[in-house]
$ cat target_31.tsv   # TSV, C-alpha atoms
chain	number	residue	atom	x	y	z
X	1	MET	CA	-52.68	91.49	-18.56
X	2	THR	CA	-49.25	92.53	-17.29
X	3	ASP	CA	-45.95	91.73	-19.01
X	4	SER	CA	-45.31	89.15	-16.30
X	5	ASP	CA	-48.67	87.46	-16.98
X	6	GLU	CA	-47.93	87.38	-20.69
X	7	GLU	CA	-44.52	85.84	-20.05
X	8	LEU	CA	-46.09	83.13	-17.87
X	9	MET	CA	-48.65	82.38	-20.60
X	10	LEU	CA	-45.84	82.11	-23.14
X	11	ILE	CA	-43.90	79.71	-20.91
X	12	GLY	CA	-47.04	77.58	-20.57
X	13	GLU	CA	-47.54	77.50	-24.34
X	14	ILE	CA	-43.92	76.50	-24.87
X	15	VAL	CA	-44.16	73.66	-22.32
X	16	VAL	CA	-47.42	72.34	-23.83
X	17	ASP	CA	-46.05	72.53	-27.39
X	18	HIS	CA	-42.87	70.71	-26.38
X	19	ALA	CA	-44.83	68.00	-24.55
X	20	GLU	CA	-47.06	67.48	-27.58
X	21	ASN	CA	-44.00	67.20	-29.83
X	22	LEU	CA	-42.54	64.56	-27.52
X	23	PHE	CA	-45.76	62.52	-27.84
X	24	ILE	CA	-45.68	62.96	-31.63
X	25	HIS	CA	-42.07	61.77	-31.87
X	26	ALA	CA	-42.89	58.81	-29.62
X	27	CYS	CA	-45.69	57.87	-32.09
X	28	VAL	CA	-48.40	58.19	-29.43
X	29	HIS	CA	-49.91	61.54	-30.40
X	30	THR	CA	-53.44	60.28	-29.78
X	31	ASP	CA	-52.48	59.74	-26.12
X	32	PHE	CA	-51.56	63.41	-25.67
X	33	CYS	CA	-53.74	65.44	-23.30
X	34	ILE	CA	-53.31	67.65	-20.26
X	35	GLN	CA	-54.14	65.44	-17.31
X	36	GLU	CA	-53.48	67.80	-14.39
X	37	VAL	CA	-52.09	71.26	-13.67
X	38	GLY	CA	-50.77	72.08	-10.21
X	39	ASN	CA	-47.26	72.12	-8.80
X	40	VAL	CA	-46.44	69.97	-11.83
X	41	VAL	CA	-48.16	69.48	-15.18
X	42	VAL	CA	-49.14	65.93	-16.12
X	43	PHE	CA	-49.56	65.10	-19.81
X	44	GLY	CA	-50.96	61.94	-21.38
X	45	GLY	CA	-53.51	59.26	-20.71
X	46	VAL	CA	-51.93	55.80	-20.88
X	47	ASN	CA	-48.43	57.27	-20.97
X	48	ARG	CA	-47.86	60.00	-18.39
X	49	LEU	CA	-45.22	62.64	-18.92
X	50	ILE	CA	-44.66	65.07	-16.06
X	51	TRP	CA	-43.22	68.56	-16.29
X	52	HIS	CA	-41.80	70.19	-13.17
X	53	PRO	CA	-40.55	73.81	-13.31
X	54	LYS	CA	-37.29	72.87	-11.58
X	55	HIS	CA	-36.68	69.37	-12.98
X	56	GLY	CA	-38.16	69.56	-16.49
X	57	PHE	CA	-39.83	66.56	-18.15
X	58	TYR	CA	-39.79	63.00	-16.83
X	59	CYS	CA	-41.90	59.86	-17.23
X	60	ASP	CA	-44.25	58.59	-14.55
X	61	LYS	CA	-42.99	55.02	-14.71
X	62	LYS	CA	-46.19	53.63	-13.17
X	63	TYR	CA	-48.22	54.92	-16.12
X	64	CYS	CA	-45.92	54.43	-19.13
X	65	THR	CA	-45.34	51.65	-21.59
X	66	GLN	CA	-41.79	50.42	-21.98
X	67	ASN	CA	-41.73	51.71	-25.59
X	68	PHE	CA	-42.79	55.18	-24.47
X	69	MET	CA	-40.11	55.33	-21.77
X	70	GLU	CA	-37.44	54.19	-24.24
X	71	SER	CA	-38.58	56.80	-26.77
X	72	MET	CA	-38.50	59.53	-24.12
X	73	LYS	CA	-35.02	58.48	-23.00
X	74	GLU	CA	-33.75	58.63	-26.61
X	75	MET	CA	-35.37	62.02	-27.22
X	76	MET	CA	-34.04	63.52	-24.00
X	77	VAL	CA	-30.51	62.52	-25.04
X	78	LYS	CA	-31.09	64.08	-28.48
X	79	SER	CA	-32.79	67.12	-26.89
X	80	ILE	CA	-35.84	67.01	-29.17
$ encode --input "target_31.tsv" --output "structure tokens"
Amino acid sequence: MTDSDEELMLIGEIVVDHAENLFIHACVHTDFCIQEVGNVVVFGGVNRLIWHPKHGFYCDKKYCTQNFMESMKEMMVKSI
């Protein structure tokens, strides 16, 4: 594995850990999973949190409860 590959793996681990922490703080840890990996990474089952390399994390409003979206909005302001 090259240094570049190791750095990419580390970035992936950081993104996954942060997403999981967001689900924990939103009190929906049991909903945490990795749904899809492609141009974006989609986390969650009932509540879908998307990570885009350029735009960061955001909620997929079609697949989120109101409570989850409110929790995410609060955490993004606090930078958890």
$ closest_residue --input "target_31.tsv" --among "X:Asp31, X:Asp17, X:Glu36, X:Asp3" --to "X:Phe68" --atoms "only C-alpha atoms"
X:Asp31
$ closest_residue --input "target_31.tsv" --among "X:Met76, X:Val41, X:Cys59, X:Val46" --to "X:His29" --atoms "all atoms listed in the file"
X:Val46
$ atom_distance --input "target_31.tsv" --atom1 "atom CA of X:Tyr63" --atom2 "atom CA of X:Leu8"
28.3 Å
$ atom_distance --input "target_31.tsv" --atom1 "atom CA of X:Thr2" --atom2 "atom CA of X:Phe43"
27.5 Å
$ atom_distance --input "target_31.tsv" --atom1 "atom CA of X:Ser71" --atom2 "atom CA of X:Leu10"
26.6 Å
$ closest_residue --input "target_31.tsv" --among "X:His52, X:Met9, X:Asn47, X:Lys62" --to "X:Ala26" --atoms "all atoms listed in the file"
X:Asn47
$ closest_residue --input "target_31.tsv" --among "X:Ile11, X:Cys33, X:Val28, X:Leu22" --to "X:Met75" --atoms "only C-alpha atoms"
X:Leu22
$ closest_residue --input "target_31.tsv" --among "X:Leu49, X:Asn39, X:Asp60, X:Asn67" --to "X:Asn21" --atoms "all atoms listed in the file"
X:Leu49
$ axis_aligned_box --input "target_31.tsv" --around "stretch 31-41 of chain X" --padding-each-side "8 Å" --output "JSON"
{"center_x": -50.3, "center_y": 65.9, "center_z": -17.5, "size_x": 23.7, "size_y": 28.4, "size_z": 33.3}
$ closest_residue --input "target_31.tsv" --among "X:His25, X:Glu13, X:Asp5, X:Ala19" --to "X:Glu74" --atoms "all atoms listed in the file"
X:His25
$ build_atoms --input "target_31.tsv" --residues "stretch 19-48 of chain X" --atoms "N, CA and C atoms" --output "PDB file, keeping the file's coordinate frame"
ATOM      1  N   ALA X  19     -44.267  69.284 -24.978  1.00  0.00           N
ATOM      2  CA  ALA X  19     -44.830  68.000 -24.550  1.00  0.00           C
ATOM      3  C   ALA X  19     -45.551  67.310 -25.704  1.00  0.00           C
ATOM      4  N   GLU X  20     -46.346  68.074 -26.441  1.00  0.00           N
ATOM      5  CA  GLU X  20     -47.060  67.480 -27.580  1.00  0.00           C
ATOM      6  C   GLU X  20     -46.075  66.947 -28.615  1.00  0.00           C
ATOM      7  N   ASN X  21     -45.005  67.681 -28.875  1.00  0.00           N
ATOM      8  CA  ASN X  21     -44.000  67.200 -29.830  1.00  0.00           C
ATOM      9  C   ASN X  21     -43.332  65.919 -29.349  1.00  0.00           C
ATOM     10  N   LEU X  22     -43.110  65.797 -28.051  1.00  0.00           N
ATOM     11  CA  LEU X  22     -42.540  64.560 -27.520  1.00  0.00           C
ATOM     12  C   LEU X  22     -43.486  63.379 -27.772  1.00  0.00           C
ATOM     13  N   PHE X  23     -44.777  63.586 -27.571  1.00  0.00           N
ATOM     14  CA  PHE X  23     -45.760  62.520 -27.840  1.00  0.00           C
ATOM     15  C   PHE X  23     -45.797  62.183 -29.331  1.00  0.00           C
ATOM     16  N   ILE X  24     -45.687  63.194 -30.183  1.00  0.00           N
ATOM     17  CA  ILE X  24     -45.680  62.960 -31.630  1.00  0.00           C
ATOM     18  C   ILE X  24     -44.468  62.120 -32.015  1.00  0.00           C
ATOM     19  N   HIS X  25     -43.287  62.505 -31.536  1.00  0.00           N
ATOM     20  CA  HIS X  25     -42.070  61.770 -31.870  1.00  0.00           C
ATOM     21  C   HIS X  25     -42.052  60.364 -31.278  1.00  0.00           C
ATOM     22  N   ALA X  26     -42.797  60.147 -30.209  1.00  0.00           N
ATOM     23  CA  ALA X  26     -42.890  58.810 -29.620  1.00  0.00           C
ATOM     24  C   ALA X  26     -43.979  57.975 -30.294  1.00  0.00           C
ATOM     25  N   CYS X  27     -44.626  58.549 -31.320  1.00  0.00           N
ATOM     26  CA  CYS X  27     -45.690  57.870 -32.090  1.00  0.00           C
ATOM     27  C   CYS X  27     -46.908  57.536 -31.239  1.00  0.00           C
ATOM     28  N   VAL X  28     -47.204  58.382 -30.259  1.00  0.00           N
ATOM     29  CA  VAL X  28     -48.400  58.190 -29.430  1.00  0.00           C
ATOM     30  C   VAL X  28     -49.174  59.506 -29.309  1.00  0.00           C
ATOM     31  N   HIS X  29     -49.260  60.228 -30.418  1.00  0.00           N
ATOM     32  CA  HIS X  29     -49.910  61.540 -30.400  1.00  0.00           C
ATOM     33  C   HIS X  29     -51.344  61.472 -29.906  1.00  0.00           C
ATOM     34  N   THR X  30     -52.041  60.392 -30.215  1.00  0.00           N
ATOM     35  CA  THR X  30     -53.440  60.280 -29.780  1.00  0.00           C
ATOM     36  C   THR X  30     -53.570  60.146 -28.267  1.00  0.00           C
ATOM     37  N   ASP X  31     -52.477  59.854 -27.582  1.00  0.00           N
ATOM     38  CA  ASP X  31     -52.480  59.740 -26.120  1.00  0.00           C
ATOM     39  C   ASP X  31     -52.230  61.095 -25.444  1.00  0.00           C
ATOM     40  N   PHE X  32     -51.883  62.113 -26.237  1.00  0.00           N
ATOM     41  CA  PHE X  32     -51.560  63.410 -25.670  1.00  0.00           C
ATOM     42  C   PHE X  32     -52.806  64.116 -25.131  1.00  0.00           C
ATOM     43  N   CYS X  33     -52.715  64.596 -23.912  1.00  0.00           N
ATOM     44  CA  CYS X  33     -53.740  65.440 -23.300  1.00  0.00           C
ATOM     45  C   CYS X  33     -53.100  66.094 -22.079  1.00  0.00           C
ATOM     46  N   ILE X  34     -53.779  67.059 -21.517  1.00  0.00           N
ATOM     47  CA  ILE X  34     -53.310  67.650 -20.260  1.00  0.00           C
ATOM     48  C   ILE X  34     -54.141  67.007 -19.165  1.00  0.00           C
ATOM     49  N   GLN X  35     -53.482  66.229 -18.337  1.00  0.00           N
ATOM     50  CA  GLN X  35     -54.140  65.440 -17.310  1.00  0.00           C
ATOM     51  C   GLN X  35     -54.394  66.259 -16.032  1.00  0.00           C
ATOM     52  N   GLU X  36     -53.388  67.065 -15.652  1.00  0.00           N
ATOM     53  CA  GLU X  36     -53.480  67.800 -14.390  1.00  0.00           C
ATOM     54  C   GLU X  36     -52.526  68.995 -14.425  1.00  0.00           C
ATOM     55  N   VAL X  37     -52.949  70.091 -13.819  1.00  0.00           N
ATOM     56  CA  VAL X  37     -52.090  71.260 -13.670  1.00  0.00           C
ATOM     57  C   VAL X  37     -52.092  71.648 -12.199  1.00  0.00           C
ATOM     58  N   GLY X  38     -50.924  71.700 -11.626  1.00  0.00           N
ATOM     59  CA  GLY X  38     -50.770  72.080 -10.210  1.00  0.00           C
ATOM     60  C   GLY X  38     -49.332  72.473  -9.994  1.00  0.00           C
ATOM     61  N   ASN X  39     -48.695  71.880  -8.999  1.00  0.00           N
ATOM     62  CA  ASN X  39     -47.260  72.120  -8.800  1.00  0.00           C
ATOM     63  C   ASN X  39     -46.445  71.550  -9.949  1.00  0.00           C
ATOM     64  N   VAL X  40     -47.005  70.551 -10.613  1.00  0.00           N
ATOM     65  CA  VAL X  40     -46.440  69.970 -11.830  1.00  0.00           C
ATOM     66  C   VAL X  40     -47.560  69.932 -12.867  1.00  0.00           C
ATOM     67  N   VAL X  41     -47.172  69.681 -14.122  1.00  0.00           N
ATOM     68  CA  VAL X  41     -48.160  69.480 -15.180  1.00  0.00           C
ATOM     69  C   VAL X  41     -48.020  68.042 -15.650  1.00  0.00           C
ATOM     70  N   VAL X  42     -49.145  67.324 -15.696  1.00  0.00           N
ATOM     71  CA  VAL X  42     -49.140  65.930 -16.120  1.00  0.00           C
ATOM     72  C   VAL X  42     -49.805  65.850 -17.492  1.00  0.00           C
ATOM     73  N   PHE X  43     -49.065  65.281 -18.452  1.00  0.00           N
ATOM     74  CA  PHE X  43     -49.560  65.100 -19.810  1.00  0.00           C
ATOM     75  C   PHE X  43     -49.772  63.624 -20.080  1.00  0.00           C
ATOM     76  N   GLY X  44     -50.760  63.298 -20.903  1.00  0.00           N
ATOM     77  CA  GLY X  44     -50.960  61.940 -21.380  1.00  0.00           C
ATOM     78  C   GLY X  44     -52.010  61.168 -20.624  1.00  0.00           C
ATOM     79  N   GLY X  45     -52.499  60.129 -21.292  1.00  0.00           N
ATOM     80  CA  GLY X  45     -53.510  59.260 -20.710  1.00  0.00           C
ATOM     81  C   GLY X  45     -52.869  57.961 -20.237  1.00  0.00           C
ATOM     82  N   VAL X  46     -52.582  57.068 -21.199  1.00  0.00           N
ATOM     83  CA  VAL X  46     -51.930  55.800 -20.880  1.00  0.00           C
ATOM     84  C   VAL X  46     -50.479  56.054 -20.476  1.00  0.00           C
ATOM     85  N   ASN X  47     -49.817  56.899 -21.237  1.00  0.00           N
ATOM     86  CA  ASN X  47     -48.430  57.270 -20.970  1.00  0.00           C
ATOM     87  C   ASN X  47     -48.429  58.646 -20.316  1.00  0.00           C
ATOM     88  N   ARG X  48     -47.831  58.748 -19.142  1.00  0.00           N
ATOM     89  CA  ARG X  48     -47.860  60.000 -18.390  1.00  0.00           C
ATOM     90  C   ARG X  48     -46.476  60.647 -18.386  1.00  0.00           C
TER      91      ARG X  48
END
